[in-house]
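**Q** Once you've had a glance at the structure underneath, I'll fire off some questions.
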There are 2 protein chains.
Amino acid sequence: MYLRSNITRLLQYRSCLTKFQELGFETIYSYNLGMHIGVSAEQIRKDFSKFNIRGNKKAGYNIEKLITAINKIFNKTSPQNILLIGYGNLGQSLIKYKGFSRSMFYIKAIIDIDPSKHKRKTTVPVFPPEKAPEIIKKNGIKIGIIAVPDIAAQEICNMIVKAGIKGILNFSSLVLKAPEDVQINNINLGNELEAIFYHIQLKKKNI
Amino acid sequence: MYLRSNITRLLQYRSCLTKFQELGFETIYSYNLGMHIGVSAEQIRKDFSKFNIRGNKKAGYNIEKLITAINKIFNKTSPQNILLIGYGNLGQSLIKYKGFSRSMFYIKAIIDIDPSKHKRKTTVPVFPPEKAPEIIKKNGIKIGIIAVPDIAAQEICNMIVKAGIKGILNFSSLVLKAPEDVQINNINLGNELEAIFYHIQLKKKNI
DNA sequence: GTTATTTTGTGAATAATGTAACATGTAATG
DNA sequence: CATTACATGTTACATTATTCACAAAATAAC
């Protein structure tokens with residue numbers, strides 16, 4: 001099953017809808033929403049229809065209901081705790097990133113191999129790797145963010161998956177191996193730039 | 001045209017191939033490579049075939065040739081200069097990120113609105129926003145990384161696009177509006193986590 | 001040098017995704 | 001209360017992507 005694109009679009013819809021709501025709008029048409037996101041109106045109606053989100057013929061969609069419906073799809077009933085592995089530059093900026101709490105994700109603990117970084121009393125405590133399984137199990141953490149150097153990534157992955165992690169946001173450039181039932185999303189900044197560059201070249205050639 | 005998935009796979013292939021090469025391998029079979037990346041062997045052959053990369057029947061693909069061929073597709077003949085806009089937490093960690101130079105992308109200059117951050121003499125100099133157009137034009141910069149708060153993102157986007165930027169890596173949660181010929185890739189960390197969470201739930205229900 | 005084996009490369013079949021078209025239902029109008 | 005206008009929702013169509021299946025080529029074995 002191939003829902004990935006669908007799902008990311010839904011998230012974009014929600015983010016855009018929230019903005020419309022803040023501006024005082026109460027309803028929206030598929031056409032408007034499409035315009036603002038760069039997606040066809042039919043696409044939007046199809047997406048909504050697929051998830052059984054219904055609008056009002058002639059009157060469009062009620063924004064609040066839409067947002068509620070999308071939230072329900074993502075099942076955000078309770079806040080989700082996250083484990084961050086790697087407290088280097090990237091890890092530190094992730095801790096300061098405000099977008100996570102906006103979507104009810106909280107980094108509950110940090111794992112790092114460097115003893116000088118270990119601190120138990122800070123807002124987000126930092127522990128050594130060997131503590132990870134215990135933390136995961138005790139807090140029922142299901143999602144981990146891997147922000148360690150490539151060389152350590154697979155080993156960390158194995159460890160946290162064994163301890164019960166079911167979803168990983170992987171910032172290393174490795175393609176991690178894990179059982180089928182573990183969802184891994186990769187963010188590879190270098191590759192993103194390469195892809196952008198490639199597309200620029202393509203467009204230059206008018207293909 | 002819908003090459004996005006193709007392209008990201010090629011990049012994954014390259015990254016994996018490099019690792020095999022470092023391990024001393026000289027040739028590889030589509031089957032092996034597929035195993036390591038989680039892609040079918042046919043898919044890999046199709047991808048290569050599409051870009052006219054040929055292997056050797058029975059003897060597989062020569063790794064070095066493969067890497068060269070992929071590099072050629074991405075046309076990395078000369079290093080590419082990048083403009084980073086926003087020198088907050090994320091911006092600072094991007095500067096320290098080593099993966100860019102590995103793929104020949106160099107952050108040439110940084111733009112930030114905070115005067116206390118402006119420095120002309122550092123390795124990567126920091127300038128105020130109004131300097132952006134000049135820097136872009138003088139250095140022929142084609143790619144920008146937007147790492148500013150949402151509120152400023154669209155305005156910055158307009159400015160750099162007007163100055164000649166053709167590709168944007170957007171870390172804000174806004175869906176930026178720009179002309180068709182500007183390639184925008186979005187990285188939305190909150191959405192990534194949401195998507196992971198969604199897939200975990202799906203898998204739990206065995207769908 | 002012939003045969004067996006293995007792996008590529010690709011056309012055909014299938015699946016997934018996106019687009020277009022239009023019937024349906026709802027609100028507004030007079 | 002009938003009519004009109006308009007946006008949804010769905011069916012049919014078109015495009016794109018993936019898998020399957022197998023011929024062709026290259027190596028290895030005998």
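Just so we're on the same page: first chain in the structure tokens is A, next is B, and so on; residues restart at 1 for each chain, and ligands are numbered from 1 in the order they show up.
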Please, which residues of chain A, numbered as in this document, come out strand (DSSP E or B) from DSSP, as JSON, numbers by chain?
**A** {"A": [27, 28, 56, 60, 61, 62, 80, 81, 82, 83, 84, 85, 105, 106, 107, 108, 109, 110, 111, 119, 126, 127, 143, 144, 145, 146, 167, 168, 169, 170, 183, 184, 185, 186]}
**Q** Hey, can you spit out that residue selection with N, CA and C atoms as a compact mmCIF listing (two decimals), in the first residue's frame?
**A**
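Contents of the output file out.txt:
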```txt
# COMPACT_ATOMS: atom_id res chain seq x y z
N THR A 27 -15.15 28.53 6.29
CA THR A 27 -15.27 27.48 5.29
C THR A 27 -14.24 27.69 4.18
N ILE A 28 -14.06 26.64 3.40
CA ILE A 28 -13.09 26.73 2.30
C ILE A 28 -13.53 25.80 1.18
N ASN A 56 -19.79 20.14 2.07
CA ASN A 56 -21.17 20.49 1.82
C ASN A 56 -21.27 20.98 0.37
N GLY A 60 -18.98 24.16 0.28
CA GLY A 60 -17.59 23.82 0.58
C GLY A 60 -17.40 23.05 1.87
N TYR A 61 -16.19 23.18 2.42
CA TYR A 61 -15.84 22.42 3.61
C TYR A 61 -15.74 23.34 4.82
N ASN A 62 -16.21 22.88 5.94
CA ASN A 62 -16.05 23.62 7.19
C ASN A 62 -14.63 23.38 7.71
N GLN A 80 2.85 12.28 22.23
CA GLN A 80 3.73 11.15 21.98
C GLN A 80 5.15 11.47 22.44
N ASN A 81 5.71 10.57 23.19
CA ASN A 81 7.09 10.75 23.62
C ASN A 81 8.06 10.20 22.58
N ILE A 82 9.16 10.92 22.43
CA ILE A 82 10.15 10.56 21.44
C ILE A 82 11.49 10.38 22.14
N LEU A 83 12.32 9.51 21.59
CA LEU A 83 13.68 9.37 22.09
C LEU A 83 14.63 9.92 21.03
N LEU A 84 15.48 10.84 21.45
CA LEU A 84 16.48 11.39 20.52
C LEU A 84 17.82 10.72 20.78
N ILE A 85 18.41 10.17 19.74
CA ILE A 85 19.71 9.54 19.91
C ILE A 85 20.75 10.36 19.14
N PHE A 105 4.47 16.26 19.86
CA PHE A 105 5.56 15.31 20.02
C PHE A 105 6.55 15.90 21.02
N TYR A 106 6.95 15.11 21.97
CA TYR A 106 7.88 15.61 22.98
C TYR A 106 9.09 14.70 23.07
N ILE A 107 10.25 15.31 23.02
CA ILE A 107 11.46 14.52 23.22
C ILE A 107 11.62 14.28 24.72
N LYS A 108 11.48 13.03 25.08
CA LYS A 108 11.43 12.68 26.49
C LYS A 108 12.84 12.50 27.06
N ALA A 109 13.72 11.98 26.24
CA ALA A 109 15.08 11.75 26.73
C ALA A 109 16.04 11.75 25.55
N ILE A 110 17.31 11.98 25.87
CA ILE A 110 18.34 12.01 24.85
C ILE A 110 19.39 10.96 25.17
N ILE A 111 19.91 10.33 24.13
CA ILE A 111 20.98 9.35 24.32
C ILE A 111 22.23 9.89 23.62
N LYS A 119 23.44 14.25 31.58
CA LYS A 119 22.85 15.06 32.63
C LYS A 119 21.46 14.55 32.91
N VAL A 126 19.94 13.59 29.55
CA VAL A 126 20.82 12.93 28.58
C VAL A 126 21.46 11.69 29.21
N PHE A 127 21.26 10.55 28.57
CA PHE A 127 21.75 9.29 29.12
C PHE A 127 22.74 8.61 28.17
N ILE A 143 8.78 6.00 19.07
CA ILE A 143 9.47 6.66 17.97
C ILE A 143 10.84 7.18 18.41
N GLY A 144 11.84 6.93 17.59
CA GLY A 144 13.18 7.42 17.88
C GLY A 144 13.72 8.26 16.74
N ILE A 145 14.51 9.26 17.10
CA ILE A 145 15.17 10.06 16.08
C ILE A 145 16.65 9.74 16.12
N ILE A 146 17.18 9.26 15.01
CA ILE A 146 18.59 8.91 14.95
C ILE A 146 19.38 10.06 14.35
N GLY A 167 9.06 3.22 15.08
CA GLY A 167 9.21 4.24 14.04
C GLY A 167 10.50 5.01 14.23
N ILE A 168 11.20 5.28 13.13
CA ILE A 168 12.49 5.97 13.23
C ILE A 168 12.56 7.10 12.22
N LEU A 169 12.99 8.24 12.71
CA LEU A 169 13.32 9.34 11.80
C LEU A 169 14.84 9.36 11.71
N ASN A 170 15.35 8.99 10.56
CA ASN A 170 16.77 8.73 10.40
C ASN A 170 17.49 9.86 9.67
N GLN A 183 8.70 1.42 10.88
CA GLN A 183 8.59 2.45 9.86
C GLN A 183 9.80 3.38 9.95
N ILE A 184 10.55 3.48 8.88
CA ILE A 184 11.73 4.34 8.88
C ILE A 184 11.58 5.43 7.83
N ASN A 185 11.65 6.67 8.25
CA ASN A 185 11.69 7.78 7.30
C ASN A 185 13.07 8.42 7.33
N ASN A 186 13.60 8.67 6.17
CA ASN A 186 14.96 9.21 6.08
C ASN A 186 14.96 10.68 5.70
```
**Q** If you count only C-alpha atoms (C1' of nucleotides), which residues fall within 8 Å of A:Leu176, apart from same-chain ones fewer than 5 positions away, as a list of chain:residue names?
**A** A:Ala153, A:Gln154, A:Cys157, A:Ile184
**Q** Looking at only C-alpha atoms (C1' of nucleotides), which of B:Leu11, B:Leu189, B:Val39, B:Cys16 is the one that sits closest to chain D?
**A**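 Once distances to chain D are computed over only C-alpha atoms (C1' of nucleotides), the minimum belongs to B:Val39.
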**Q** Select from chain D every residue with an atom at most 6 Å from any atom of chain A, then for each give the shortest pair of atoms and their distance in Å to one decimal, using only C-alpha atoms (C1' of nucleotides), rows by chain and rising number, as a tab-separated table.
**A**
```
residue	atom	partner	partner_atom	distance
D:DC6	C1'	A:Lys58	CA	5.4
D:DA7	C1'	A:Lys58	CA	4.2
D:DT8	C1'	A:Lys57	CA	4.5
```
**Q** Selected residues, C-alpha atoms (C1' of nucleotides), written as a PDB file, in the first residue's frame, please.
**A**
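See part09.pdb below for the written result:
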```pdb
ATOM      1  C1'  DC D   6     -22.161  26.237  -7.922  1.00  0.00           C
ATOM      2  C1'  DA D   7     -19.201  22.963  -5.354  1.00  0.00           C
ATOM      3  C1'  DT D   8     -18.966  18.369  -4.052  1.00  0.00           C
TER       4       DT D   8
END
```
**Q** Taking only C-alpha atoms into account, report as a compact mmCIF listing (two decimals) with N, CA and C atoms, in the first residue's frame which residues of chain B lie within 6 Å of chain A.
**A**
```
# COMPACT_ATOMS: atom_id res chain seq x y z
N PHE B 74 23.80 13.50 -12.09
CA PHE B 74 23.61 14.65 -11.21
C PHE B 74 24.54 15.79 -11.57
N ASN B 89 19.09 28.14 15.43
CA ASN B 89 19.59 26.82 15.82
C ASN B 89 19.82 25.93 14.62
N LEU B 90 18.77 25.85 13.80
CA LEU B 90 18.84 24.98 12.64
C LEU B 90 19.95 25.43 11.70
N SER B 93 23.33 24.48 12.90
CA SER B 93 23.68 23.07 12.80
C SER B 93 23.90 22.69 11.33
N GLY B 99 27.88 16.69 5.70
CA GLY B 99 27.37 15.99 4.52
C GLY B 99 27.32 16.84 3.26
N PHE B 100 27.20 18.14 3.41
CA PHE B 100 27.09 18.99 2.23
C PHE B 100 28.36 18.98 1.40
N GLY B 167 16.37 27.06 -6.88
CA GLY B 167 16.04 25.89 -6.08
C GLY B 167 16.07 26.24 -4.61
N GLY B 190 8.08 18.13 11.90
CA GLY B 190 6.84 17.75 12.58
C GLY B 190 6.03 16.79 11.72
N ILE B 196 5.29 9.15 10.36
CA ILE B 196 5.79 7.92 10.98
C ILE B 196 4.76 7.34 11.93
N TYR B 198 1.60 7.80 11.98
CA TYR B 198 0.46 7.28 11.22
C TYR B 198 0.75 5.87 10.71
```
**Q** Kindly give the distance, in Å, that separates atom C1' of C:DT2 and atom C1' of D:DA25, rounded to a single decimal.
**A**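 Value for the atom C1' of C:DT2-atom C1' of D:DA25 distance: 16.0 Å.
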**Q** Could you list the residues in chain C lying within 10 Å of chain B, using only C-alpha atoms (C1' of nucleotides), and format the result as a list of chain:residue names?
**A** C:DT5, C:DT6, C:DT7, C:DT8, C:DG9, C:DT10
**Q** What's around D:DT3 at 12 Å? Count only C-alpha atoms (C1' of nucleotides), leave out sequence neighbours fewer than 2 positions away in its own chain, and write the answer as a CSV table (one decimal) with all heavy atoms, in the first residue's frame.
**A**
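Once written, out.csv looks like this:
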```
chain,number,residue,atom,x,y,z
C,28,DA,P,-26.9,30.4,1.5
C,28,DA,OP1,-25.8,31.1,2.0
C,28,DA,OP2,-28.1,30.1,2.3
C,28,DA,O5',-27.4,31.1,0.1
C,28,DA,C5',-26.5,31.3,-0.9
C,28,DA,C4',-27.2,31.8,-2.1
C,28,DA,O4',-28.1,30.8,-2.6
C,28,DA,C3',-28.1,33.0,-1.9
C,28,DA,O3',-27.8,34.0,-2.9
C,28,DA,C2',-29.5,32.5,-2.0
C,28,DA,C1',-29.3,31.3,-3.0
C,28,DA,N9,-30.3,30.2,-2.9
C,28,DA,C8,-30.7,29.6,-1.8
C,28,DA,N7,-31.6,28.6,-2.0
C,28,DA,C5,-31.8,28.7,-3.4
C,28,DA,C6,-32.7,28.0,-4.3
C,28,DA,N6,-33.5,27.0,-3.9
C,28,DA,N1,-32.6,28.3,-5.6
C,28,DA,C2,-31.8,29.3,-6.0
C,28,DA,N3,-31.0,30.1,-5.2
C,28,DA,C4,-31.0,29.7,-3.9
C,29,DT,P,-28.4,35.5,-2.8
C,29,DT,OP1,-27.3,36.3,-3.2
C,29,DT,OP2,-29.1,35.6,-1.5
C,29,DT,O5',-29.5,35.5,-4.0
C,29,DT,C5',-29.2,34.8,-5.2
C,29,DT,C4',-30.5,34.8,-6.1
C,29,DT,O4',-31.2,33.6,-5.8
C,29,DT,C3',-31.4,36.0,-5.8
C,29,DT,O3',-31.7,36.7,-7.0
C,29,DT,C2',-32.6,35.4,-5.2
C,29,DT,C1',-32.6,34.0,-5.8
C,29,DT,N1,-33.3,32.9,-5.0
C,29,DT,C2,-34.1,32.0,-5.7
C,29,DT,O2,-34.2,32.0,-6.9
C,29,DT,N3,-34.7,31.1,-4.9
C,29,DT,C4,-34.5,30.9,-3.5
C,29,DT,O4,-35.1,30.0,-2.9
C,29,DT,C5,-33.7,31.9,-2.9
C,29,DT,C7,-33.5,31.9,-1.4
C,29,DT,C6,-33.1,32.9,-3.6
C,30,DG,P,-32.3,38.1,-7.0
C,30,DG,OP1,-31.6,38.9,-8.0
C,30,DG,OP2,-32.4,38.6,-5.6
C,30,DG,O5',-33.8,37.8,-7.6
C,30,DG,C5',-34.0,37.2,-8.8
C,30,DG,C4',-35.4,36.6,-8.9
C,30,DG,O4',-35.5,35.6,-7.8
C,30,DG,C3',-36.4,37.6,-8.6
C,30,DG,O3',-37.4,37.5,-9.6
C,30,DG,C2',-37.0,37.2,-7.3
C,30,DG,C1',-36.8,35.7,-7.2
C,30,DG,N9,-36.7,35.2,-5.9
C,30,DG,C8,-36.1,35.6,-4.8
C,30,DG,N7,-36.2,34.9,-3.7
C,30,DG,C5,-36.9,33.8,-4.2
C,30,DG,C6,-37.4,32.7,-3.5
C,30,DG,O6,-37.2,32.3,-2.3
C,30,DG,N1,-38.1,31.8,-4.3
C,30,DG,C2,-38.4,32.1,-5.7
C,30,DG,N2,-39.1,31.2,-6.3
C,30,DG,N3,-38.0,33.1,-6.3
C,30,DG,C4,-37.3,34.0,-5.5
D,1,DC,P,-44.0,24.7,-1.5
D,1,DC,OP1,-42.8,24.1,-1.1
D,1,DC,OP2,-44.9,23.9,-1.9
D,1,DC,O5',-44.2,26.0,-2.2
D,1,DC,C5',-44.8,26.1,-3.4
D,1,DC,C4',-43.8,26.3,-4.6
D,1,DC,O4',-42.9,27.4,-4.2
D,1,DC,C3',-42.9,25.1,-4.9
D,1,DC,O3',-42.8,25.0,-6.3
D,1,DC,C2',-41.6,25.4,-4.2
D,1,DC,C1',-41.6,26.9,-4.5
D,1,DC,N1,-40.7,27.7,-3.6
D,1,DC,C2,-40.0,28.8,-4.2
D,1,DC,O2,-40.3,29.1,-5.4
D,1,DC,N3,-39.2,29.6,-3.4
D,1,DC,C4,-39.0,29.3,-2.1
D,1,DC,N4,-38.2,30.0,-1.4
D,1,DC,C5,-39.7,28.1,-1.5
D,1,DC,C6,-40.5,27.4,-2.3
D,5,DA,P,-27.8,30.6,-14.1
D,5,DA,OP1,-27.6,31.9,-14.8
D,5,DA,OP2,-27.8,29.3,-14.8
D,5,DA,O5',-26.8,30.5,-12.8
D,5,DA,C5',-27.1,31.2,-11.6
D,5,DA,C4',-26.2,30.8,-10.5
D,5,DA,O4',-26.7,29.6,-9.9
D,5,DA,C3',-24.8,30.4,-11.0
D,5,DA,O3',-23.8,30.9,-10.1
D,5,DA,C2',-24.8,28.8,-11.1
D,5,DA,C1',-25.8,28.5,-9.9
D,5,DA,N9,-26.5,27.3,-10.1
D,5,DA,C8,-27.0,26.7,-11.2
D,5,DA,N7,-27.7,25.6,-11.0
D,5,DA,C5,-27.5,25.4,-9.6
D,5,DA,C6,-28.0,24.4,-8.8
D,5,DA,N6,-28.7,23.3,-9.2
D,5,DA,N1,-27.6,24.5,-7.4
D,5,DA,C2,-26.9,25.5,-7.0
D,5,DA,N3,-26.5,26.5,-7.7
D,5,DA,C4,-26.8,26.4,-9.0
```
**Q** What is the atom CA of A:Ala132 to atom CA of A:Asp150 distance in Å?
**A**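 Atom CA of A:Asp150 lies at a distance of 18.5 Å from atom CA of A:Ala132.
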**Q** Between atom CA of B:Leu66 and atom C1' of C:DA16, measure the distance and give it in Å to one decimal.
**A** 29.3 Å
**Q** Can you tell me, as number ranges by chain, which residues in stretch 48-160 of chain A count as helix (DSSP H, G or I) by DSSP?
**A** A: 48-50, 63-73, 89-96, 99-102, 115-117, 129-139, 150-160
**Q** Please list as number ranges by chain every residue within 9 Å of B:Gly164, counting only C-alpha atoms (C1' of nucleotides) and excluding residues in the same chain fewer than 5 positions away.
**A** B: 133, 136-137, 140-142, 159
